[in-house]
Structures are given as C-alpha cells and as structure tokens.
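Chemist: The structure's right below; bear with me while I get my questions together.
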Amino acid sequence: MFETLSKAPQDKIFALMAEVAADARPGKIDLGIGVYKDDDGNTPIMSAVRKAEERILTTARTKTYIGVAGNKGFCTAMVDLALAGTVPAERVRSVQAPGGTGAVWVLLTLLKRAKPNGRVWISDPSWPNHKPMAEQAGFAVATYPYFDPATRGVRFEEMLATLDTLGPDDIVLLHGCCHNPTGANLTPGQWDEVVASLSRTGAFPLIDLAYQGFGDGLEEDAYGARAIAKAIPEFVLATSCSKNFGIYRERVGCAIIAGKDAAAADVANSQMLNIVRGAYSQPPDHGAEIVRIILEDKDLRAEWQAELEAMRQRMVGNRQALADAIRARSNSTDFDFVAQHRGMFSLLGLGVSTVEHLKANNAVYMLDDSRINIAGLADERIQRLADAIVGATH
C-alpha cells in the first residue's frame, strides 16, 4: 500500500525546533516557533486562565459531548470580541474549531463548496500554512503584493492595484492584524481602501485574526475586520485563542460567517456543521470553556486584559530595544523598522547565507526567510542578537 507514497516535505518551523533542541551550545537563541516567552524563556500560564481552570475543576459535573458547533457561550463571546456588534446577530453564525488553523480549514472547506471554481489570493509572503491549506481544500492559489524587502513596509499601492483586478470568484485572505511573517501591518486608512476595493470588485474576504491584542490593542487590532463587517454584506473570519490567551496546546479557535441575511447564514452554517461532523465530529471543550468563563466574568476579563496588555507592551519594548541596540552598534538606521512593526514577528530581510552564518557561528536560530519571534527575547538575548546581526551584516 504505502509503496505508492513519497516522503512529504518537513515543515520548516518544526525542523528548526529539532535543530534547536539538538544544539548543546549554551546561550543559544531560539527565534523560530511563534509562542510568547517571558524573560526566562518560558511560555507562562496566564493567571486568569489558571483561575478559570480551577473553576472548571471544582464545578464541572460531566464530560459528555457538547455538540458539533462546540461551546456556544464561547462562540458568542468570540464573535463579540472580534466584531463588537458591527454585524446584526441574526446574520452571524459560528462554530468552535481546533485552533485558528482549524477555523481557517473549516472556512476554506466551506468556501470551496460555495465557490468551486474560485481562487484564493494570499499575501506575498504569508503564513507558510495558508497556501497548502488552500490547496488541500482544492483551490488554485495566487499571491498579491504585500511586503517590500527594501523598505520592510507594505507595498500598498501594488497590493491595492492587484486587488482592484479581482472579481466575485476571487477569495482574498487578509491578515486581520500582526502580519505573519513580516510584522508590517496596514494602517486604518489602508484598511478603508481595501474595503472600498472589495466593495467595487465583489471579491470575497477571508480574514485570519490570529493575534488580536498583540499589536496595538484589542480594539485597535480588530479595526480591519470590523471595517469589512460594516461594509461588506458577506465575509468569513477565523479567530484563535492560542496567542492572546496563551492556551496553545488546548487548540481553541472560532470559525465565523456573516451572511447577507439570516436565511443565507443558516444555509452556510448547516454546511459548516456538516464539514465539522465529517471531519472531527465535534471539538474538545476544555480550552473553549476557559475562554468562555474569562470573557463572561467581569473580574477575570479585566485581569486577562491587563495580562494581555503587559505581554503586548513587552513585545513593543523588545522591538524598540533591538532596534536601538543594532543602531548603537552599526551607526545605521537599517533595522529601525523593527520598532515600527507589530505583533510577534518581524522579517529582517537577511539572506539565507546570513541566516546560516548566524546559526553556525552564533547559535542564533531563525527561519531561512529571516523571520524572527520578537516575543522570544529578553534584554541579555537582545544585546547578543544585536551583536550577532551587526557582525554578520557589516
């Protein structure tokens, strides 16, 4: 049977994880996988999450199934967190999914059923899993201009010009905030122009909102999604709780659809439920119940928001510190863009040979496209990273 198969390519992120683990050098710097880390290199459990788990432990009375759609209170809370009432509730439907990745997969599968001859457009570059997921759903995939390696900013005029050529059979996958892998984001004014383009062309928006709260704040990071919600009659949105609640291994996400009316939303929702039932039947509840408890409890929600804001501010501080450290050593502004980017990641614009040099000579690990995880840094590592980058590039 299996002699007909060839070995699948290894995921670059997980391959890098294995390399880091095998490196016995002290002081190695892991800038690969996208998880938040504190100054000690740990990924902490948020205190609000721990309190919600304790509540579950003491109050839960059953482990029975929760249903194909998942935890309904969780779904309602996630819709509100992302959209804040910008779409009338009768036009919105949602299902819990296994992580933000699962939410994107459910929505891509739904869109393939709705637009069998459609094409998915992703940013150049995009999260490495976007393209294979869209292809596995059966879509042809194209790219729209996004990142400028020279300025490390958004090629917005070129992006908009490409979007303006699209039509109703085109699906545009947009990063809701904290663009992965670049860290370069659209401004509110640019989001407004994207919304106007979608309105002109009829292209369909698929929003991946995986990092709400990690960029400029919970409300600010939802600007693009809410601008689309206010202006475009139908769209889909994937959200994740891995980053902003720190529950990576719980795999909690939400797939959200907005129909032009309640009847259209009901039909699309029936297809989502059918997709879930035919794949994993129904999602696990523990992580979703953690999030539901936090978002529905005033005190826990305030505690969570304070913790999230502290994480965000630490990443902003790390960005400024790294940019300052490189400038001090190089006497140049070549890496000042790091301080302007937002979210967990920045794309440094280094060549593959430089990335390999940093790995071999400095025990600094990053993906070969030079994406780094800003959240994995502490002050001492920032100084050593700055030394290594300047040494390799000047």
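In the structure tokens, the first chain shown is A, the next is B, and so on; residue numbers restart at 1 for each chain, and ligands run from 1 in the order shown.
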Using only C-alpha atoms, find each residue of segment 266-385 of chain A with at least one atom at most 12 Å away from an atom of segment 125-139 of chain A; report its shortest atom-to-atom pair and that distance in Å (one decimal), sort the rows by chain and rising residue number, and return the result as a tab-separated table.

Modeler:
```
residue	atom	partner	partner_atom	distance
A:Ile275	CA	A:Ala137	CA	11.8
A:Phe345	CA	A:Trp127	CA	10.9
A:Leu347	CA	A:Pro125	CA	10.0
A:Leu367	CA	A:Pro128	CA	11.0
A:Asp369	CA	A:Pro125	CA	9.8
A:Arg371	CA	A:Trp127	CA	10.7
```

Chemist: Those selected residues, please, written with C-alpha atoms and delivered as a compact mmCIF listing (two decimals), in the first residue's frame.

Modeler:
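Final output, part06.txt:
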```txt
# COMPACT_ATOMS: atom_id res chain seq x y z
CA ILE A 275 -17.97 19.80 7.46
CA PHE A 345 7.19 38.61 14.20
CA LEU A 347 11.04 39.78 8.73
CA LEU A 367 13.60 30.56 9.70
CA ASP A 369 13.44 33.71 5.32
CA ARG A 371 11.51 35.75 10.29
```

Chemist: Quick one: DSSP strand (DSSP E or B) residues in segment 173-380 of chain A, as a VMD selection string?

Modeler: chain A and resid 173 to 175 204 to 209 235 to 240 252 to 258 345 to 347 364 to 365 371 to 373

Chemist: Go ahead and save the residues from that selection, with N, CA and C atoms, as a compact mmCIF listing (two decimals), in the first residue's frame.

Modeler:
```txt
# COMPACT_ATOMS: atom_id res chain seq x y z
N LEU A 173 -7.52 36.39 1.17
CA LEU A 173 -7.17 36.04 2.54
C LEU A 173 -6.37 37.20 3.12
N LEU A 174 -6.92 37.83 4.15
CA LEU A 174 -6.32 39.01 4.77
C LEU A 174 -5.92 38.71 6.21
N HIS A 175 -4.71 39.12 6.60
CA HIS A 175 -4.29 39.02 7.99
C HIS A 175 -4.97 40.15 8.75
N PHE A 204 -14.27 38.23 -2.36
CA PHE A 204 -14.80 37.77 -1.07
C PHE A 204 -13.71 37.75 -0.02
N PRO A 205 -13.91 38.40 1.14
CA PRO A 205 -12.87 38.43 2.17
C PRO A 205 -12.91 37.24 3.14
N LEU A 206 -11.74 36.64 3.34
CA LEU A 206 -11.48 35.66 4.39
C LEU A 206 -10.44 36.27 5.30
N ILE A 207 -10.82 36.57 6.54
CA ILE A 207 -9.94 37.26 7.48
C ILE A 207 -9.38 36.27 8.49
N ASP A 208 -8.08 36.26 8.64
CA ASP A 208 -7.41 35.42 9.64
C ASP A 208 -6.95 36.33 10.77
N LEU A 209 -7.70 36.32 11.88
CA LEU A 209 -7.42 37.20 13.02
C LEU A 209 -6.84 36.36 14.15
N PHE A 235 -18.90 37.77 4.55
CA PHE A 235 -17.47 37.52 4.75
C PHE A 235 -17.33 36.37 5.73
N VAL A 236 -16.10 35.86 5.87
CA VAL A 236 -15.81 34.84 6.89
C VAL A 236 -14.57 35.28 7.66
N LEU A 237 -14.50 34.81 8.91
CA LEU A 237 -13.45 35.26 9.83
C LEU A 237 -13.01 34.09 10.71
N ALA A 238 -11.70 33.87 10.78
CA ALA A 238 -11.13 32.85 11.66
C ALA A 238 -10.43 33.54 12.82
N THR A 239 -10.71 33.11 14.04
CA THR A 239 -10.03 33.65 15.22
C THR A 239 -9.33 32.53 15.98
N SER A 240 -8.35 32.93 16.78
CA SER A 240 -7.56 31.98 17.55
C SER A 240 -7.40 32.48 18.97
N VAL A 252 -7.76 26.09 20.45
CA VAL A 252 -9.07 26.73 20.52
C VAL A 252 -9.16 27.85 19.49
N GLY A 253 -10.12 27.73 18.59
CA GLY A 253 -10.38 28.77 17.61
C GLY A 253 -11.86 28.85 17.32
N CYS A 254 -12.24 29.82 16.49
CA CYS A 254 -13.64 30.01 16.16
C CYS A 254 -13.76 30.39 14.68
N ALA A 255 -14.61 29.70 13.96
CA ALA A 255 -14.90 30.00 12.56
C ALA A 255 -16.22 30.76 12.50
N ILE A 256 -16.17 31.97 11.96
CA ILE A 256 -17.31 32.88 11.98
C ILE A 256 -17.71 33.21 10.55
N ILE A 257 -19.01 33.19 10.27
CA ILE A 257 -19.52 33.59 8.96
C ILE A 257 -20.55 34.68 9.14
N ALA A 258 -20.60 35.59 8.17
CA ALA A 258 -21.66 36.60 8.10
C ALA A 258 -22.36 36.45 6.76
N PHE A 345 6.18 38.89 15.20
CA PHE A 345 7.19 38.61 14.20
C PHE A 345 7.70 39.86 13.50
N SER A 346 8.92 39.78 13.03
CA SER A 346 9.46 40.71 12.04
C SER A 346 10.27 39.91 11.03
N LEU A 347 10.24 40.39 9.79
CA LEU A 347 11.04 39.78 8.73
C LEU A 347 12.26 40.68 8.53
N VAL A 364 22.23 31.35 16.80
CA VAL A 364 21.00 32.13 16.64
C VAL A 364 20.16 31.43 15.58
N TYR A 365 18.96 31.02 15.99
CA TYR A 365 18.10 30.24 15.11
C TYR A 365 16.89 31.05 14.68
N ARG A 371 12.57 35.37 9.36
CA ARG A 371 11.51 35.75 10.29
C ARG A 371 11.98 35.46 11.71
N ILE A 372 11.81 36.44 12.60
CA ILE A 372 12.16 36.23 14.00
C ILE A 372 10.95 36.45 14.89
N ASN A 373 10.93 35.71 16.00
CA ASN A 373 9.88 35.86 17.00
C ASN A 373 10.36 36.85 18.06
```

Chemist: Please list as a tab-separated table (two decimals) with C-alpha atoms, in the first residue's frame every residue within 7 Å of segment 323-332 of chain A, counting only C-alpha atoms and excluding residues in the same chain fewer than 5 positions away.

Modeler:
```
chain	number	residue	atom	x	y	z
A	338	VAL	CA	11.75	46.50	13.75
A	339	ALA	CA	10.41	49.10	16.19
A	383	GLN	CA	22.16	42.54	23.20
A	386	ALA	CA	22.28	42.73	18.04
A	390	VAL	CA	25.74	43.51	13.10
```

Chemist: Pick out the closest residue to Gln305 of chain A from this set: A:Ala196, A:Ala375, A:Ala48, A:Leu57. Count only C-alpha atoms.

Modeler: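 Closest to Gln305 of chain A of all the choices is A:Ala48.
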
Chemist: List as a PyMOL selection string the protein and nucleic acid residues near segment 77-88 of chain A, meaning an atom at most 10 Å away when only C-alpha atoms are counted, but skip any in the same chain fewer than 3 places from it.

Modeler: chain A and resi 72-74+91-94+96+176+209+212+218-219+221-234+237-241+253-259+261-262+288+291-296

Chemist: When DSSP works through the backbone of this structure, what residues of segment 314-363 of chain A end up as helix (DSSP H, G or I), shown as a PyMOL selection string?

Modeler: chain A and resi 314-330+337-340+352-362

Chemist: Using only C-alpha atoms, which residues sit within 10 Å of segment 353-358 of chain A once same-chain residues fewer than 4 positions away are excluded, as number ranges by chain?

Modeler: A: 349, 362-371, 385, 388-389, 391-393

Chemist: Please, what distance in Å, to one decimal, runs between atom CA of Gly32 of chain A and atom CA of Arg384 of chain A?

Modeler: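 Between these atoms lies a distance of 16.4 Å.
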
Chemist: For the contact check between segment 193-248 of chain A and segment 39-44 of chain A, emit one row per residue of segment 193-248 of chain A within 10 Å, containing the shortest atom pair and the distance in Å rounded to one decimal, counting only C-alpha atoms, chain then rising number order, as a tab-separated table.

Modeler:
```
residue	atom	partner	partner_atom	distance
A:Gly246	CA	A:Pro44	CA	7.5
A:Ile247	CA	A:Pro44	CA	9.5
A:Tyr248	CA	A:Thr43	CA	9.6
```

Chemist: Could you write out the selected residues, including N, CA and C atoms, as an mmCIF file, in the first residue's frame?

Modeler:
```cif
data_model
loop_
_atom_site.group_PDB
_atom_site.id
_atom_site.type_symbol
_atom_site.label_atom_id
_atom_site.label_comp_id
_atom_site.auth_asym_id
_atom_site.auth_seq_id
_atom_site.Cartn_x
_atom_site.Cartn_y
_atom_site.Cartn_z
ATOM 1 N N GLY A 246 -2.859 32.441 25.542
ATOM 2 C CA GLY A 246 -1.712 31.600 25.878
ATOM 3 C C GLY A 246 -2.040 30.128 26.020
ATOM 4 N N ILE A 247 -3.107 29.672 25.365
ATOM 5 C CA ILE A 247 -3.505 28.258 25.505
ATOM 6 C C ILE A 247 -3.217 27.512 24.194
ATOM 7 N N TYR A 248 -1.952 27.530 23.806
ATOM 8 C CA TYR A 248 -1.517 26.949 22.542
ATOM 9 C C TYR A 248 -1.918 25.489 22.409
#
```

Chemist: So what do you get for atom CA of Ala97 of chain A versus atom CA of Pro283 of chain A, distance-wise?

Modeler: 6.1 Å

Chemist: Neighbouring residues of Ala60 of chain A were defined as those with any atom within 12 Å, considering only C-alpha atoms; residues of the same chain fewer than 4 positions away were excluded. Please report them as a list in words.

Modeler: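 So, after excluding close chain neighbours, the residues are Ala52, Glu53, Glu54, Arg55, Ile56, Thr64, Asp285, His286, Glu289 and Ile290 of chain A.
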
Chemist: Can you write just those residues out, N, CA and C atoms, as a compact mmCIF listing (two decimals), in the first residue's frame?

Modeler:
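The resulting file, selection.txt, is reproduced below:
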```txt
# COMPACT_ATOMS: atom_id res chain seq x y z
N ALA A 52 -9.67 30.26 35.80
CA ALA A 52 -10.79 29.66 35.07
C ALA A 52 -10.71 28.14 35.10
N GLU A 53 -9.50 27.59 34.97
CA GLU A 53 -9.33 26.14 35.04
C GLU A 53 -9.70 25.61 36.42
N GLU A 54 -9.32 26.33 37.45
CA GLU A 54 -9.68 25.91 38.80
C GLU A 54 -11.19 25.90 38.98
N ARG A 55 -11.85 26.87 38.39
CA ARG A 55 -13.31 26.91 38.47
C ARG A 55 -13.94 25.71 37.76
N ILE A 56 -13.38 25.38 36.61
CA ILE A 56 -13.88 24.20 35.88
C ILE A 56 -13.70 22.95 36.72
N THR A 64 -19.71 14.86 29.13
CA THR A 64 -20.45 14.42 27.96
C THR A 64 -20.17 15.32 26.76
N ASP A 285 -13.70 20.63 24.58
CA ASP A 285 -14.34 21.75 25.27
C ASP A 285 -13.45 22.50 26.24
N HIS A 286 -12.42 21.87 26.77
CA HIS A 286 -11.73 22.45 27.93
C HIS A 286 -11.23 23.87 27.67
N GLU A 289 -14.04 26.40 27.18
CA GLU A 289 -14.71 26.75 28.44
C GLU A 289 -13.86 27.71 29.26
N ILE A 290 -12.54 27.57 29.21
CA ILE A 290 -11.66 28.53 29.86
C ILE A 290 -11.93 29.93 29.32
```
